[in-house]
$ cat structure39.cif   # mmCIF, C-alpha atoms
data_query
loop_
_atom_site.group_PDB
_atom_site.id
_atom_site.type_symbol
_atom_site.label_atom_id
_atom_site.label_comp_id
_atom_site.auth_asym_id
_atom_site.auth_seq_id
_atom_site.Cartn_x
_atom_site.Cartn_y
_atom_site.Cartn_z
ATOM 1 C CA MET A 1 23.254 72.691 62.710
ATOM 2 C CA SER A 2 23.308 70.195 59.870
ATOM 3 C CA SER A 3 20.916 70.540 56.965
ATOM 4 C CA ALA A 4 18.390 67.811 56.095
ATOM 5 C CA PRO A 5 19.378 65.339 53.356
ATOM 6 C CA THR A 6 18.262 66.181 49.846
ATOM 7 C CA ALA A 7 16.968 63.444 47.449
ATOM 8 C CA PRO A 8 19.378 62.679 44.618
ATOM 9 C CA ALA A 9 18.543 63.885 41.114
ATOM 10 C CA THR A 10 18.057 61.178 38.426
ATOM 11 C CA ARG A 11 18.020 60.819 34.615
ATOM 12 C CA SER A 12 16.927 57.975 32.373
ATOM 13 C CA ALA A 13 19.716 56.041 30.682
ATOM 14 C CA PRO A 14 19.553 53.918 27.511
ATOM 15 C CA SER A 15 17.588 50.718 27.924
ATOM 16 C CA CYS A 16 19.288 47.348 28.280
ATOM 17 C CA ALA A 17 17.456 44.056 28.012
ATOM 18 C CA GLY A 18 14.144 45.867 28.080
ATOM 19 C CA LEU A 19 14.863 47.693 31.425
ATOM 20 C CA SER A 20 15.062 51.422 32.038
ATOM 21 C CA ILE A 21 18.174 52.088 34.106
ATOM 22 C CA PHE A 22 18.263 54.955 36.488
ATOM 23 C CA ILE A 23 21.834 56.113 37.134
ATOM 24 C CA LEU A 24 22.173 57.785 40.458
ATOM 25 C CA ARG A 25 23.955 61.161 40.459
ATOM 26 C CA PRO A 26 25.458 61.986 43.824
ATOM 27 C CA VAL A 27 25.049 65.402 45.409
ATOM 28 C CA LEU A 28 27.148 66.913 48.135
ATOM 29 C CA ILE A 29 25.533 66.208 51.440
ATOM 30 C CA PRO A 30 27.336 66.904 54.684
ATOM 31 C CA GLY A 31 28.178 63.913 56.679
ATOM 32 C CA PRO A 32 30.472 61.111 55.564
ATOM 33 C CA SER A 33 28.048 58.353 56.447
ATOM 34 C CA ILE A 34 25.322 59.686 54.173
ATOM 35 C CA LYS A 35 27.742 60.354 51.291
ATOM 36 C CA GLY A 36 29.145 56.889 51.585
ATOM 37 C CA THR A 37 25.696 55.353 51.526
ATOM 38 C CA ILE A 38 24.793 57.186 48.327
ATOM 39 C CA TRP A 39 27.956 56.031 46.511
ATOM 40 C CA GLN A 40 27.355 52.475 47.650
ATOM 41 C CA SER A 41 23.814 52.665 46.225
ATOM 42 C CA PHE A 42 25.193 54.000 42.944
ATOM 43 C CA ALA A 43 27.727 51.202 42.669
ATOM 44 C CA THR A 44 25.150 48.548 43.544
ATOM 45 C CA ALA A 45 22.703 49.904 40.997
ATOM 46 C CA ARG A 46 25.283 49.733 38.228
ATOM 47 C CA LEU A 47 26.359 46.226 39.141
ATOM 48 C CA THR A 48 22.768 45.014 39.272
ATOM 49 C CA LEU A 49 21.251 46.631 36.187
ATOM 50 C CA LEU A 50 24.043 47.017 33.659
ATOM 51 C CA PRO A 51 25.062 44.010 31.464
ATOM 52 C CA THR A 52 27.893 42.003 32.951
ATOM 53 C CA ASP A 53 29.349 40.727 29.626
ATOM 54 C CA GLY A 54 30.414 44.089 28.306
ATOM 55 C CA THR A 55 27.799 44.196 25.477
ATOM 56 C CA THR A 56 25.803 47.227 24.528
ATOM 57 C CA ASP A 57 22.377 47.733 23.016
ATOM 58 C CA ASP A 58 23.941 47.955 19.540
ATOM 59 C CA ASP A 59 25.772 44.673 20.086
ATOM 60 C CA THR A 60 22.552 42.987 21.155
ATOM 61 C CA ALA A 61 20.695 44.243 18.061
ATOM 62 C CA ASN A 62 23.487 42.924 15.832
ATOM 63 C CA ASP A 63 23.294 39.545 17.521
ATOM 64 C CA ASN A 64 19.547 39.435 16.926
ATOM 65 C CA ASN A 65 20.026 40.254 13.260
ATOM 66 C CA GLN A 66 22.610 37.475 12.937
ATOM 67 C CA ASP A 67 20.240 35.032 14.639
ATOM 68 C CA ASN A 68 17.448 35.972 12.234
ATOM 69 C CA THR A 69 19.763 35.513 9.245
ATOM 70 C CA THR A 70 20.833 32.106 10.535
ATOM 71 C CA ASN A 71 17.226 31.051 11.071
ATOM 72 C CA ASP A 72 16.278 32.169 7.556
ATOM 73 C CA THR A 73 19.150 30.152 6.079
ATOM 74 C CA GLN A 74 18.152 27.078 8.062
ATOM 75 C CA ASN A 75 14.544 27.448 6.966
ATOM 76 C CA ASN A 76 15.596 27.740 3.318
ATOM 77 C CA ASN A 77 17.737 24.625 3.644
ATOM 78 C CA GLN A 78 14.843 22.744 5.212
ATOM 79 C CA ASN A 79 12.533 23.829 2.380
ATOM 80 C CA ASN A 80 15.073 22.702 -0.208
ATOM 81 C CA ASN A 81 15.423 19.351 1.515
ATOM 82 C CA GLN A 82 11.664 18.899 1.498
ATOM 83 C CA ASP A 83 11.548 19.668 -2.230
ATOM 84 C CA ASN A 84 14.259 17.059 -2.869
ATOM 85 C CA THR A 85 12.200 14.380 -1.107
ATOM 86 C CA THR A 86 9.286 14.872 -3.530
ATOM 87 C CA ASN A 87 6.953 16.136 -0.830
ATOM 88 C CA ASP A 88 7.643 13.209 1.537
ATOM 89 C CA THR A 89 6.970 14.395 5.080
ATOM 90 C CA VAL A 90 9.431 13.129 7.680
ATOM 91 C CA ILE A 91 8.849 13.137 11.419
ATOM 92 C CA THR A 92 11.758 11.677 13.365
ATOM 93 C CA ASP A 93 13.516 11.754 16.706
ATOM 94 C CA GLY A 94 16.685 10.246 15.264
ATOM 95 C CA GLU A 95 15.809 6.672 16.186
ATOM 96 C CA THR A 96 12.274 6.202 14.866
ATOM 97 C CA SER A 97 10.654 7.865 11.864
ATOM 98 C CA LEU A 98 7.211 8.449 10.412
ATOM 99 C CA VAL A 99 7.369 9.186 6.681
ATOM 100 C CA LYS A 100 4.565 10.144 4.303
ATOM 101 C CA VAL A 101 4.992 8.790 0.770
ATOM 102 C CA ASP A 102 2.856 9.912 -2.178
ATOM 103 C CA LEU A 103 2.759 7.181 -4.817
ATOM 104 C CA GLN A 104 2.584 7.904 -8.532
ATOM 105 C CA TYR A 105 2.059 4.583 -10.305
ATOM 106 C CA ILE A 106 1.637 1.809 -7.748
ATOM 107 C CA THR A 107 -1.047 1.628 -5.060
ATOM 108 C CA LYS A 108 -0.890 1.349 -1.300
ATOM 109 C CA ASP A 109 -1.484 -2.400 -1.539
ATOM 110 C CA ASN A 110 1.422 -2.726 -3.974
ATOM 111 C CA ALA A 111 3.681 -0.809 -1.590
ATOM 112 C CA SER A 112 2.622 -3.068 1.298
ATOM 113 C CA ASP A 113 3.449 -6.120 -0.812
ATOM 114 C CA ILE A 114 6.915 -4.720 -1.557
ATOM 115 C CA ILE A 115 7.604 -4.141 2.138
ATOM 116 C CA SER A 116 6.372 -7.626 3.004
ATOM 117 C CA THR A 117 8.411 -9.258 0.235
ATOM 118 C CA PHE A 118 11.683 -7.665 1.333
ATOM 119 C CA GLY A 119 10.928 -8.145 5.036
ATOM 120 C CA TYR A 120 11.289 -4.574 6.257
ATOM 121 C CA ASP A 121 10.362 -4.231 9.942
ATOM 122 C CA VAL A 122 8.057 -1.241 9.491
ATOM 123 C CA GLU A 123 4.369 -0.488 9.793
ATOM 124 C CA VAL A 124 2.312 0.784 6.861
ATOM 125 C CA LEU A 125 -0.393 3.277 7.786
ATOM 126 C CA GLY A 126 -2.973 5.083 5.685
ATOM 127 C CA LEU A 127 -6.660 5.607 5.151
ATOM 128 C CA ASP A 128 -8.422 3.419 2.596
ATOM 129 C CA LEU A 129 -9.613 6.641 0.983
ATOM 130 C CA TYR A 130 -6.064 7.438 -0.177
ATOM 131 C CA VAL A 131 -4.885 4.608 -2.421
ATOM 132 C CA LYS A 132 -1.901 6.675 -3.562
ATOM 133 C CA ARG A 133 -0.671 7.849 -0.141
ATOM 134 C CA ILE A 134 0.874 5.879 2.710
ATOM 135 C CA TRP A 135 2.696 6.525 5.987
ATOM 136 C CA ILE A 136 5.590 4.292 6.986
ATOM 137 C CA LYS A 137 6.552 4.030 10.644
ATOM 138 C CA GLY A 138 9.484 2.267 12.276
ATOM 139 C CA ALA A 139 13.185 2.452 13.005
ATOM 140 C CA ALA A 140 14.744 5.285 11.015
ATOM 141 C CA ASP A 141 17.117 3.086 9.001
ATOM 142 C CA GLU A 142 14.399 0.521 8.220
ATOM 143 C CA VAL A 143 12.021 3.273 7.118
ATOM 144 C CA ASP A 144 14.663 4.835 4.859
ATOM 145 C CA GLU A 145 15.365 1.496 3.162
ATOM 146 C CA ALA A 146 11.654 0.725 2.750
ATOM 147 C CA VAL A 147 10.941 4.141 1.211
ATOM 148 C CA ALA A 148 13.884 3.765 -1.186
ATOM 149 C CA ARG A 149 12.669 0.331 -2.268
ATOM 150 C CA ILE A 150 9.129 1.587 -2.854
ATOM 151 C CA LYS A 151 10.355 4.498 -4.975
ATOM 152 C CA GLU A 152 12.550 2.112 -6.946
ATOM 153 C CA ASN A 153 9.434 0.166 -7.950
ATOM 154 C CA ASP A 154 7.058 3.129 -8.318
ATOM 155 C CA THR A 155 7.609 3.409 -12.073
ATOM 156 C CA ALA A 156 5.448 3.473 -15.183
ATOM 157 C CA ASP A 157 6.303 -0.170 -15.838
ATOM 158 C CA ASN A 158 4.464 -1.059 -12.637
ATOM 159 C CA ASP A 159 1.477 1.214 -13.179
ATOM 160 C CA ALA A 160 -1.383 -0.389 -11.257
ATOM 161 C CA THR A 161 -4.065 2.024 -12.449
ATOM 162 C CA ARG A 162 -7.093 0.123 -13.733
ATOM 163 C CA THR A 163 -8.339 0.904 -17.231
ATOM 164 C CA PHE A 164 -10.762 -0.295 -19.933
ATOM 165 C CA PHE A 165 -9.976 -0.944 -23.572
ATOM 166 C CA THR A 166 -11.823 -2.567 -26.461
ATOM 167 C CA TYR A 167 -10.414 -5.049 -28.935
ATOM 168 C CA GLU A 168 -11.760 -5.920 -32.363
ATOM 169 C CA LEU A 169 -11.172 -9.561 -33.264
ATOM 170 C CA GLN A 170 -10.091 -10.222 -36.846
ATOM 171 C CA ASN A 171 -10.536 -13.962 -37.295
ATOM 172 C CA ILE A 172 -12.793 -15.337 -34.566
ATOM 173 C CA VAL A 173 -15.917 -14.336 -32.674
ATOM 174 C CA ALA A 174 -16.082 -13.418 -29.005
ATOM 175 C CA SER A 175 -17.444 -16.788 -27.933
ATOM 176 C CA GLU A 176 -14.457 -18.536 -29.493
ATOM 177 C CA LEU A 177 -12.047 -16.265 -27.664
ATOM 178 C CA GLN A 178 -14.004 -16.870 -24.475
ATOM 179 C CA SER A 179 -13.482 -20.580 -24.921
ATOM 180 C CA LYS A 180 -9.752 -20.179 -25.556
ATOM 181 C CA ILE A 181 -9.211 -17.751 -22.667
ATOM 182 C CA GLY A 182 -10.470 -20.432 -20.331
ATOM 183 C CA PHE A 183 -7.237 -22.357 -20.898
ATOM 184 C CA VAL A 184 -5.022 -19.390 -19.992
ATOM 185 C CA ASN A 185 -4.261 -18.409 -16.389
ATOM 186 C CA ILE A 186 -4.679 -14.639 -16.198
ATOM 187 C CA GLU A 187 -4.946 -12.779 -12.896
ATOM 188 C CA ASP A 188 -6.568 -9.388 -12.266
ATOM 189 C CA VAL A 189 -8.006 -9.187 -15.794
ATOM 190 C CA GLU A 190 -11.723 -9.073 -16.588
ATOM 191 C CA PHE A 191 -13.246 -9.735 -20.034
ATOM 192 C CA TYR A 192 -16.671 -8.730 -21.300
ATOM 193 C CA PHE A 193 -17.807 -10.659 -24.384
ATOM 194 C CA GLY A 194 -21.132 -8.895 -24.920
ATOM 195 C CA SER A 195 -24.706 -10.125 -24.935
ATOM 196 C CA TYR A 196 -24.211 -12.080 -28.166
ATOM 197 C CA PRO A 197 -20.680 -13.503 -28.000
ATOM 198 C CA GLU A 198 -21.484 -16.059 -30.695
ATOM 199 C CA LEU A 199 -22.056 -13.206 -33.150
ATOM 200 C CA THR A 200 -19.897 -10.277 -32.103
ATOM 201 C CA THR A 201 -16.212 -9.752 -32.784
ATOM 202 C CA SER A 202 -15.762 -6.918 -30.270
ATOM 203 C CA ILE A 203 -14.733 -7.487 -26.672
ATOM 204 C CA MET A 204 -13.960 -5.228 -23.702
ATOM 205 C CA VAL A 205 -11.096 -5.741 -21.255
ATOM 206 C CA TYR A 206 -10.564 -4.274 -17.776
ATOM 207 C CA CYS A 207 -7.047 -4.581 -16.360
ATOM 208 C CA ASN A 208 -4.061 -2.725 -14.908
ATOM 209 C CA GLN A 209 -2.614 -0.030 -17.130
ATOM 210 C CA ASN A 210 0.771 -1.724 -17.149
ATOM 211 C CA LYS A 211 -0.794 -4.948 -18.501
ATOM 212 C CA VAL A 212 -2.655 -3.484 -21.492
ATOM 213 C CA GLU A 213 -0.021 -4.290 -24.107
ATOM 214 C CA GLU A 214 0.564 -7.739 -22.627
ATOM 215 C CA ILE A 215 -3.161 -8.571 -22.832
ATOM 216 C CA LYS A 216 -3.402 -7.250 -26.393
ATOM 217 C CA GLU A 217 -0.535 -9.504 -27.452
ATOM 218 C CA LEU A 218 -2.216 -12.475 -25.798
ATOM 219 C CA ILE A 219 -5.538 -11.820 -27.547
ATOM 220 C CA ALA A 220 -3.761 -11.407 -30.896
ATOM 221 C CA SER A 221 -2.091 -14.801 -30.436
ATOM 222 C CA LEU A 222 -5.492 -16.392 -29.793
ATOM 223 C CA ASP A 223 -7.243 -14.525 -32.596
ATOM 224 C CA ASN A 224 -6.591 -17.184 -35.204
ATOM 225 C CA ASN A 225 -8.453 -20.093 -36.739
ATOM 226 C CA LEU A 226 -7.619 -23.703 -37.476
ATOM 227 C CA GLY A 227 -7.788 -23.397 -41.250
ATOM 228 C CA ASP A 228 -10.652 -23.580 -43.722
ATOM 229 C CA MET A 229 -12.954 -26.561 -44.101
ATOM 230 C CA TYR A 230 -16.150 -27.408 -45.982
ATOM 231 C CA TYR A 231 -19.290 -27.462 -43.914
ATOM 232 C CA PRO A 232 -22.994 -27.715 -44.869
ATOM 233 C CA ILE A 233 -25.080 -24.704 -43.940
ATOM 234 C CA ALA A 234 -28.553 -25.618 -45.179
ATOM 235 C CA THR A 235 -30.478 -28.172 -47.220
ATOM 236 C CA ILE A 236 -32.736 -26.728 -49.887
ATOM 237 C CA THR A 237 -35.879 -28.764 -50.616
ATOM 238 C CA ASP A 238 -38.068 -26.082 -52.107
ATOM 239 C CA ALA A 239 -37.662 -24.454 -55.488
ATOM 240 C CA GLY A 240 -38.791 -21.150 -54.020
ATOM 241 C CA GLU A 241 -35.838 -21.117 -51.676
ATOM 242 C CA LEU A 242 -33.445 -21.390 -54.562
ATOM 243 C CA GLU A 243 -34.766 -18.136 -55.994
ATOM 244 C CA VAL A 244 -33.913 -16.133 -52.857
ATOM 245 C CA LEU A 245 -30.810 -18.101 -51.893
ATOM 246 C CA ASN A 246 -28.291 -15.576 -53.201
ATOM 247 C CA THR A 247 -30.106 -12.748 -51.454
ATOM 248 C CA LYS A 248 -29.981 -14.615 -48.141
ATOM 249 C CA ILE A 249 -26.272 -15.396 -48.538
ATOM 250 C CA ALA A 250 -25.495 -11.716 -49.193
ATOM 251 C CA LEU A 251 -27.489 -10.680 -46.118
ATOM 252 C CA VAL A 252 -25.686 -13.162 -43.841
ATOM 253 C CA ALA A 253 -22.290 -11.955 -45.064
ATOM 254 C CA LYS A 254 -23.305 -8.380 -44.360
ATOM 255 C CA LEU A 255 -24.690 -9.097 -40.882
ATOM 256 C CA ILE A 256 -21.545 -10.891 -39.732
ATOM 257 C CA ASN A 257 -19.470 -8.064 -41.191
ATOM 258 C CA LYS A 258 -17.516 -10.365 -43.496
ATOM 259 C CA PRO A 259 -18.443 -9.459 -47.108
ATOM 260 C CA ASP A 260 -15.932 -11.910 -48.613
ATOM 261 C CA VAL A 261 -17.814 -14.851 -47.085
ATOM 262 C CA ALA A 262 -20.514 -14.483 -49.749
ATOM 263 C CA ASN A 263 -18.062 -15.772 -52.364
ATOM 264 C CA LYS A 264 -17.291 -18.927 -50.384
ATOM 265 C CA PHE A 265 -20.739 -20.548 -50.600
ATOM 266 C CA GLU A 266 -21.405 -23.386 -53.021
ATOM 267 C CA LEU A 267 -24.541 -25.312 -53.920
ATOM 268 C CA SER A 268 -24.500 -29.027 -54.618
ATOM 269 C CA ASP A 269 -26.312 -30.760 -57.450
ATOM 270 C CA ASP A 270 -29.811 -32.024 -56.931
ATOM 271 C CA LEU A 271 -29.640 -35.012 -54.621
ATOM 272 C CA ASP A 272 -33.354 -35.980 -54.899
ATOM 273 C CA PRO A 273 -33.674 -39.059 -57.125
ATOM 274 C CA SER A 274 -37.227 -38.224 -58.096
ATOM 275 C CA GLU A 275 -37.996 -35.896 -60.926
ATOM 276 C CA GLU A 276 -40.487 -33.828 -58.948
ATOM 277 C CA GLY A 277 -38.525 -33.161 -55.764
ATOM 278 C CA VAL A 278 -35.589 -30.861 -55.043
ATOM 279 C CA LYS A 279 -32.735 -31.520 -52.617
ATOM 280 C CA GLN A 280 -29.634 -29.430 -52.802
ATOM 281 C CA VAL A 281 -27.071 -28.749 -50.100
ATOM 282 C CA LEU A 282 -25.647 -25.293 -49.473
ATOM 283 C CA TYR A 283 -22.141 -25.462 -48.010
ATOM 284 C CA VAL A 284 -19.290 -23.078 -47.362
ATOM 285 C CA LEU A 285 -15.501 -23.226 -47.260
ATOM 286 C CA GLU A 286 -14.473 -21.373 -44.132
ATOM 287 C CA SER A 287 -12.699 -21.638 -40.794
ATOM 288 C CA PRO A 288 -14.485 -23.421 -37.935
ATOM 289 C CA GLU A 289 -14.817 -20.098 -36.118
ATOM 290 C CA ASN A 290 -16.479 -18.362 -39.067
ATOM 291 C CA ILE A 291 -18.649 -21.409 -39.767
ATOM 292 C CA ASP A 292 -20.117 -21.066 -36.275
ATOM 293 C CA LEU A 293 -20.762 -17.401 -36.972
ATOM 294 C CA ILE A 294 -22.465 -18.168 -40.292
ATOM 295 C CA ILE A 295 -24.658 -20.907 -38.831
ATOM 296 C CA ASN A 296 -25.783 -18.723 -35.950
ATOM 297 C CA MET A 297 -26.699 -15.863 -38.257
ATOM 298 C CA TRP A 298 -28.335 -18.141 -40.856
ATOM 299 C CA GLY A 299 -30.695 -19.410 -38.186
ATOM 300 C CA GLN A 300 -31.656 -15.864 -37.214
ATOM 301 C CA ILE A 301 -33.075 -14.890 -40.617
#

$ encode --input "structure39.cif" --output "structure tokens"
Amino acid sequence: MSSAPTAPATRSAPSCAGLSIFILRPVLIPGPSIKGTIWQSFATARLTLLPTDGTTDDDTANDNNQDNTTNDTQNNNQNNNQDNTTNDTVITDGETSLVKVDLQYITKDNASDIISTFGYDVEVLGLDLYVKRIWIKGAADEVDEAVARIKENDTADNDATRTFFTYELQNIVASELQSKIGFVNIEDVEFYFGSYPELTTSIMVYCNQNKVEEIKELIASLDNNLGDMYYPIATITDAGELEVLNTKIALVAKLINKPDVANKFELSDDLDPSEEGVKQVLYVLESPENIDLIINMWGQI
């Protein structure tokens, strides 16, 4: 009488690819058909669950470590490349690119003008809020050339930052400069001549940072007079005026901030033919620009 089959004993083997493998251990069971079935199950289990490439768990762990090392190296290289592009962000599929460019000296409008001038077939994107940041989109080679051209021109010499500066005229008043400036074609420059340009010698200028020295040189070339000339300032017909005349001259020279002018006044002889009357002319030897300044101030006091 044959005995009933007994279930095979099992033990857990090392894991492979996250699976617990149960290796079947055969036991002696009478009957060739049953024994053969058990060995077939054992062979099938090994073929199904064990790796087919001959690797072990240790080999797999080593491969993972190598993959992690490779990924770290690639990430470091990518970070270095980003640093070398001065924080320009590049999104590309190999054919088209979208590049972020942070400008240092020029503005977004300047960059757009550069692209338009050189005819690059790209699109300039960017919010109006960011005047120093743009995105350039287009064919990869066109984008690369456009970015290179922009960076070539993004220098201190082309600084488009707007700034104020004041200038103190040495020889003329603000109104005279205002008149002369009208004959000069200057773009993107604003002048403020004050509330009393006929009296003041200080002006304020608002322009691009890279144009400051150029504007100063222009003003200096216009800050000159046409030479001295005699010009009458007042006619004295009262003896009382003669007594305070020197005091008034000194005050005018002080108010126009030109102390030396006081020494340039002269008083003519009496031009009244009668013995009772007085008529003397006060005149000055000065430049036309300073004469205007003197006349304006003389009428104020």

$ residues_around --input "structure39.cif" --residues "stretch 111-118 of chain A" --least-positions-apart "4" --cutoff "9 Å" --atoms "only C-alpha atoms" --output "mmCIF file with C-alpha atoms, in the frame of the given file"
data_model
loop_
_atom_site.group_PDB
_atom_site.id
_atom_site.type_symbol
_atom_site.label_atom_id
_atom_site.label_comp_id
_atom_site.auth_asym_id
_atom_site.auth_seq_id
_atom_site.Cartn_x
_atom_site.Cartn_y
_atom_site.Cartn_z
ATOM 1 C CA LEU A 103 2.759 7.181 -4.817
ATOM 2 C CA ILE A 106 1.637 1.809 -7.748
ATOM 3 C CA THR A 107 -1.047 1.628 -5.060
ATOM 4 C CA VAL A 122 8.057 -1.241 9.491
ATOM 5 C CA VAL A 124 2.312 0.784 6.861
ATOM 6 C CA ILE A 134 0.874 5.879 2.710
ATOM 7 C CA ALA A 146 11.654 0.725 2.750
ATOM 8 C CA VAL A 147 10.941 4.141 1.211
ATOM 9 C CA ARG A 149 12.669 0.331 -2.268
ATOM 10 C CA ILE A 150 9.129 1.587 -2.854
ATOM 11 C CA ASN A 153 9.434 0.166 -7.950
ATOM 12 C CA ASP A 154 7.058 3.129 -8.318
#

$ atom_distance --input "structure39.cif" --atom1 "atom CA of A:Met204" --atom2 "atom CA of A:Ala262"
28.4 Å

$ closest_residue --input "structure39.cif" --among "A:Met229, A:Val184, A:Leu177, A:Ile301" --to "A:Leu245" --atoms "all atoms listed in the file"
A:Ile301

$ residues_around --input "structure39.cif" --residues "A:Asn296" --least-positions-apart "4" --cutoff "9 Å" --atoms "all atoms listed in the file" --output "MDAnalysis selection string"
chainID A and resid 198:199 291:292 300

$ resolve_selection --input "structure39.cif" --expression "the PyMOL selection byres ((chain A and resi 162) around 9)" --output "list of chain:residue names"
A:Asp159, A:Ala160, A:Thr161, A:Thr163, A:Phe164, A:Tyr206, A:Cys207, A:Asn208, A:Gln209, A:Asn210

$ closest_residue --input "structure39.cif" --among "A:Gln280, A:Ser287, A:Ser274, A:Asn224" --to "A:Val261" --atoms "only C-alpha atoms"
A:Ser287

$ residues_around --input "structure39.cif" --residues "A:Glu123" --least-positions-apart "4" --cutoff "7 Å" --atoms "all atoms listed in the file" --output "list of chain:residue names"
A:Ile136, A:Lys137, A:Gly138

$ closest_residue --input "structure39.cif" --among "A:Val90, A:Ile181, A:Val284, A:Ala239" --to "A:Asp260" --atoms "only C-alpha atoms"
A:Val284

$ closest_residue --input "structure39.cif" --among "A:Leu251, A:Ile91, A:Ile236, A:Ile203" --to "A:Gly277" --atoms "all atoms listed in the file"
A:Ile236

$ resolve_selection --input "structure39.cif" --expression "the PyMOL selection byres ((chain A and resi 242) around 12)" --output "PyMOL selection string"
chain A and resi 234-241+243-249+267-268+270+278-282

$ closest_residue --input "structure39.cif" --among "A:Gln104, A:Glu145, A:Ala156, A:Asp223" --to "A:Gln178" --atoms "only C-alpha atoms"
A:Asp223

$ closest_residue --input "structure39.cif" --among "A:Val252, A:Ile233, A:Val205, A:Ile215" --to "A:Ala174" --atoms "all atoms listed in the file"
A:Val205

$ residues_near_point --input "structure39.cif" --point "(11.1, 6.6, 7.1)" --cutoff "6 Å" --atoms "all atoms listed in the file" --output "tab-separated table (two decimals) with C-alpha atoms, keeping the file's coordinate frame"
chain	number	residue	atom	x	y	z
A	97	SER	CA	10.65	7.86	11.86
A	98	LEU	CA	7.21	8.45	10.41
A	99	VAL	CA	7.37	9.19	6.68
A	136	ILE	CA	5.59	4.29	6.99
A	140	ALA	CA	14.74	5.28	11.02
A	143	VAL	CA	12.02	3.27	7.12
A	144	ASP	CA	14.66	4.84	4.86

$ atom_distance --input "structure39.cif" --atom1 "atom CA of A:Gly299" --atom2 "atom CA of A:Lys180"
24.5 Å

$ atom_distance --input "structure39.cif" --atom1 "atom CA of A:Phe165" --atom2 "atom CA of A:Lys216"
9.5 Å
